[in-house]
$ cat target26.txt   # compact mmCIF, C-alpha atoms and all ligand atoms
# COMPACT_ATOMS: atom_id res chain seq x y z
CA MET A 1 -96.92 -23.16 -83.17
CA SER A 2 -97.24 -24.83 -86.55
CA SER A 3 -97.85 -28.49 -86.02
CA GLY A 4 -98.36 -28.87 -89.68
CA LEU A 5 -99.49 -32.13 -91.11
CA SER A 6 -103.20 -32.33 -90.72
CA GLU A 7 -106.02 -30.41 -89.23
CA LYS A 8 -107.51 -33.29 -87.42
CA ASN A 9 -109.45 -32.39 -84.41
CA GLU A 10 -109.17 -34.86 -81.64
CA GLU A 11 -112.01 -34.84 -79.22
CA THR A 12 -113.28 -37.09 -76.53
CA CYS A 13 -116.56 -38.78 -77.23
CA ILE A 14 -118.96 -38.39 -74.34
CA ILE A 15 -120.39 -41.84 -74.89
CA CYS A 16 -117.41 -44.13 -75.31
CA ASN A 17 -114.92 -41.74 -73.73
CA GLN A 18 -112.44 -42.37 -76.46
CA VAL A 19 -110.53 -39.80 -78.39
CA LYS A 20 -111.85 -39.67 -81.92
CA THR A 21 -111.51 -37.41 -84.89
CA ILE A 22 -114.77 -37.98 -86.69
CA GLY A 23 -118.09 -37.30 -85.15
CA ILE A 24 -120.77 -34.78 -84.49
CA HIS A 25 -121.11 -31.94 -82.07
CA LEU A 26 -124.09 -31.66 -79.88
CA TYR A 27 -124.05 -28.37 -78.10
CA THR A 28 -120.63 -28.35 -76.51
CA SER A 29 -120.21 -32.10 -76.51
CA PHE A 30 -118.78 -34.47 -79.02
CA ILE A 31 -120.13 -37.83 -80.13
CA CYS A 32 -118.02 -40.00 -82.38
CA ILE A 33 -119.41 -41.43 -85.59
CA GLU A 34 -119.45 -44.97 -84.20
CA CYS A 35 -121.54 -43.99 -81.24
CA GLU A 36 -123.76 -41.86 -83.36
CA ASN A 37 -124.49 -44.80 -85.64
CA ASP A 38 -125.05 -47.00 -82.66
CA LEU A 39 -127.39 -44.50 -81.21
CA ILE A 40 -129.43 -44.38 -84.36
CA LYS A 41 -129.74 -48.15 -84.44
CA THR A 42 -130.77 -48.37 -80.83
CA THR A 43 -134.46 -48.60 -80.24
CA THR A 44 -136.19 -47.23 -77.20
CA SER A 45 -136.86 -50.72 -75.92
CA ASP A 46 -133.19 -51.59 -76.01
CA PRO A 47 -131.53 -51.44 -72.59
CA LYS A 48 -128.67 -49.62 -74.22
CA TYR A 49 -131.00 -46.80 -75.06
CA LYS A 50 -131.24 -45.87 -71.43
CA TYR A 51 -127.51 -45.80 -71.16
CA TYR A 52 -127.20 -43.46 -74.09
CA LEU A 53 -130.02 -41.35 -72.87
CA ASN A 54 -128.26 -40.92 -69.60
CA LYS A 55 -125.15 -39.75 -71.32
CA LEU A 56 -127.09 -37.43 -73.52
CA LYS A 57 -128.92 -35.96 -70.61
CA LYS A 58 -125.71 -34.41 -69.48
CA ILE A 59 -125.51 -32.48 -72.70
CA ASN A 60 -129.06 -31.43 -72.77
CA THR A 61 -129.04 -29.95 -69.35
CA PRO A 62 -128.43 -26.28 -69.26
CA GLN A 63 -128.47 -24.56 -65.95
CA ILE A 64 -132.13 -24.52 -65.32
CA PHE A 65 -132.07 -25.57 -61.73
CA SER A 66 -130.90 -22.50 -60.03
ZN ZN B 1 -117.95 -42.71 -79.10
$ encode --input "target26.txt" --output "structure tokens"
Amino acid sequence: MSSGLSEKNEETCIICNQVKTIGIHLYTSFICIECENDLIKTTTSDPKYKYYLNKLKKINTPQIFS
């Protein structure tokens, strides 16, 4: 069970869908540092903002529609 070398945590970013080791956790989801930085730079008038928002919506949606 000892895989040794490093303790890097590989997780899949919910925005770019790539496996990354550095990023932040938002609830149960993971966002890589690149996407996080991108997100910060994106203004609400940027078309990309909608795209991100859509992705983020998935995180922010607990089971309230029951
Ligand atoms: Zn990412």
$ atom_distance --input "target26.txt" --atom1 "atom CA of A:His25" --atom2 "atom CA of A:Pro47"
24.1 Å
$ atom_distance --input "target26.txt" --atom1 "atom CA of A:Tyr51" --atom2 "atom CA of A:Asn17"
13.5 Å
$ atom_distance --input "target26.txt" --atom1 "atom CA of A:Lys48" --atom2 "atom CA of A:Val19"
21.0 Å
$ residues_near_ligand --input "target26.txt" --ligand "ligand ZN 1 (chain B)" --cutoff "7 Å" --atoms "all atoms listed in the file" --output "ChimeraX atom specification"
/A:13-18,31-35
$ residues_near_point --input "target26.txt" --point "(-105.6, -42.1, -82.2)" --cutoff "12 Å" --atoms "only C-alpha atoms" --output "ChimeraX atom specification"
/A:8-12,18-22
$ build_atoms --input "target26.txt" --residues "stretch 11-24 of chain A" --atoms "N, CA, C and O atoms" --output "PDB file, in the frame of the given file"
ATOM      1  N   GLU A  11    -111.108 -35.171 -80.308  1.00  0.00           N
ATOM      2  CA  GLU A  11    -112.010 -34.840 -79.220  1.00  0.00           C
ATOM      3  C   GLU A  11    -112.447 -36.105 -78.523  1.00  0.00           C
ATOM      4  O   GLU A  11    -112.449 -37.177 -79.094  1.00  0.00           O
ATOM      5  N   THR A  12    -112.849 -35.935 -77.298  1.00  0.00           N
ATOM      6  CA  THR A  12    -113.280 -37.090 -76.530  1.00  0.00           C
ATOM      7  C   THR A  12    -114.777 -37.268 -76.645  1.00  0.00           C
ATOM      8  O   THR A  12    -115.546 -36.369 -76.338  1.00  0.00           O
ATOM      9  N   CYS A  13    -115.154 -38.442 -77.091  1.00  0.00           N
ATOM     10  CA  CYS A  13    -116.560 -38.780 -77.230  1.00  0.00           C
ATOM     11  C   CYS A  13    -117.185 -38.927 -75.847  1.00  0.00           C
ATOM     12  O   CYS A  13    -116.623 -39.589 -74.982  1.00  0.00           O
ATOM     13  N   ILE A  14    -118.330 -38.334 -75.658  1.00  0.00           N
ATOM     14  CA  ILE A  14    -118.960 -38.390 -74.340  1.00  0.00           C
ATOM     15  C   ILE A  14    -119.587 -39.745 -74.066  1.00  0.00           C
ATOM     16  O   ILE A  14    -119.937 -40.058 -72.946  1.00  0.00           O
ATOM     17  N   ILE A  15    -119.758 -40.545 -75.088  1.00  0.00           N
ATOM     18  CA  ILE A  15    -120.390 -41.840 -74.890  1.00  0.00           C
ATOM     19  C   ILE A  15    -119.365 -42.943 -74.636  1.00  0.00           C
ATOM     20  O   ILE A  15    -119.452 -43.661 -73.660  1.00  0.00           O
ATOM     21  N   CYS A  16    -118.394 -43.066 -75.503  1.00  0.00           N
ATOM     22  CA  CYS A  16    -117.410 -44.130 -75.310  1.00  0.00           C
ATOM     23  C   CYS A  16    -116.141 -43.632 -74.614  1.00  0.00           C
ATOM     24  O   CYS A  16    -115.277 -44.423 -74.274  1.00  0.00           O
ATOM     25  N   ASN A  17    -116.071 -42.333 -74.419  1.00  0.00           N
ATOM     26  CA  ASN A  17    -114.920 -41.740 -73.730  1.00  0.00           C
ATOM     27  C   ASN A  17    -113.596 -41.968 -74.439  1.00  0.00           C
ATOM     28  O   ASN A  17    -112.549 -41.962 -73.813  1.00  0.00           O
ATOM     29  N   GLN A  18    -113.666 -42.198 -75.719  1.00  0.00           N
ATOM     30  CA  GLN A  18    -112.440 -42.370 -76.460  1.00  0.00           C
ATOM     31  C   GLN A  18    -112.158 -41.148 -77.314  1.00  0.00           C
ATOM     32  O   GLN A  18    -113.074 -40.443 -77.712  1.00  0.00           O
ATOM     33  N   VAL A  19    -110.906 -40.943 -77.570  1.00  0.00           N
ATOM     34  CA  VAL A  19    -110.530 -39.800 -78.390  1.00  0.00           C
ATOM     35  C   VAL A  19    -110.700 -40.150 -79.851  1.00  0.00           C
ATOM     36  O   VAL A  19    -110.119 -41.115 -80.341  1.00  0.00           O
ATOM     37  N   LYS A  20    -111.537 -39.395 -80.512  1.00  0.00           N
ATOM     38  CA  LYS A  20    -111.850 -39.670 -81.920  1.00  0.00           C
ATOM     39  C   LYS A  20    -111.705 -38.384 -82.725  1.00  0.00           C
ATOM     40  O   LYS A  20    -111.705 -37.287 -82.187  1.00  0.00           O
ATOM     41  N   THR A  21    -111.636 -38.584 -84.030  1.00  0.00           N
ATOM     42  CA  THR A  21    -111.510 -37.410 -84.890  1.00  0.00           C
ATOM     43  C   THR A  21    -112.766 -37.140 -85.700  1.00  0.00           C
ATOM     44  O   THR A  21    -112.998 -36.036 -86.138  1.00  0.00           O
ATOM     45  N   ILE A  22    -113.565 -38.174 -85.883  1.00  0.00           N
ATOM     46  CA  ILE A  22    -114.770 -37.980 -86.690  1.00  0.00           C
ATOM     47  C   ILE A  22    -116.017 -38.168 -85.840  1.00  0.00           C
ATOM     48  O   ILE A  22    -116.168 -39.181 -85.160  1.00  0.00           O
ATOM     49  N   GLY A  23    -116.871 -37.198 -85.915  1.00  0.00           N
ATOM     50  CA  GLY A  23    -118.090 -37.300 -85.150  1.00  0.00           C
ATOM     51  C   GLY A  23    -118.926 -36.047 -85.288  1.00  0.00           C
ATOM     52  O   GLY A  23    -118.681 -35.214 -86.160  1.00  0.00           O
ATOM     53  N   ILE A  24    -119.899 -35.950 -84.428  1.00  0.00           N
ATOM     54  CA  ILE A  24    -120.770 -34.780 -84.490  1.00  0.00           C
ATOM     55  C   ILE A  24    -120.696 -34.005 -83.188  1.00  0.00           C
ATOM     56  O   ILE A  24    -120.342 -34.549 -82.141  1.00  0.00           O
TER      57      ILE A  24
END
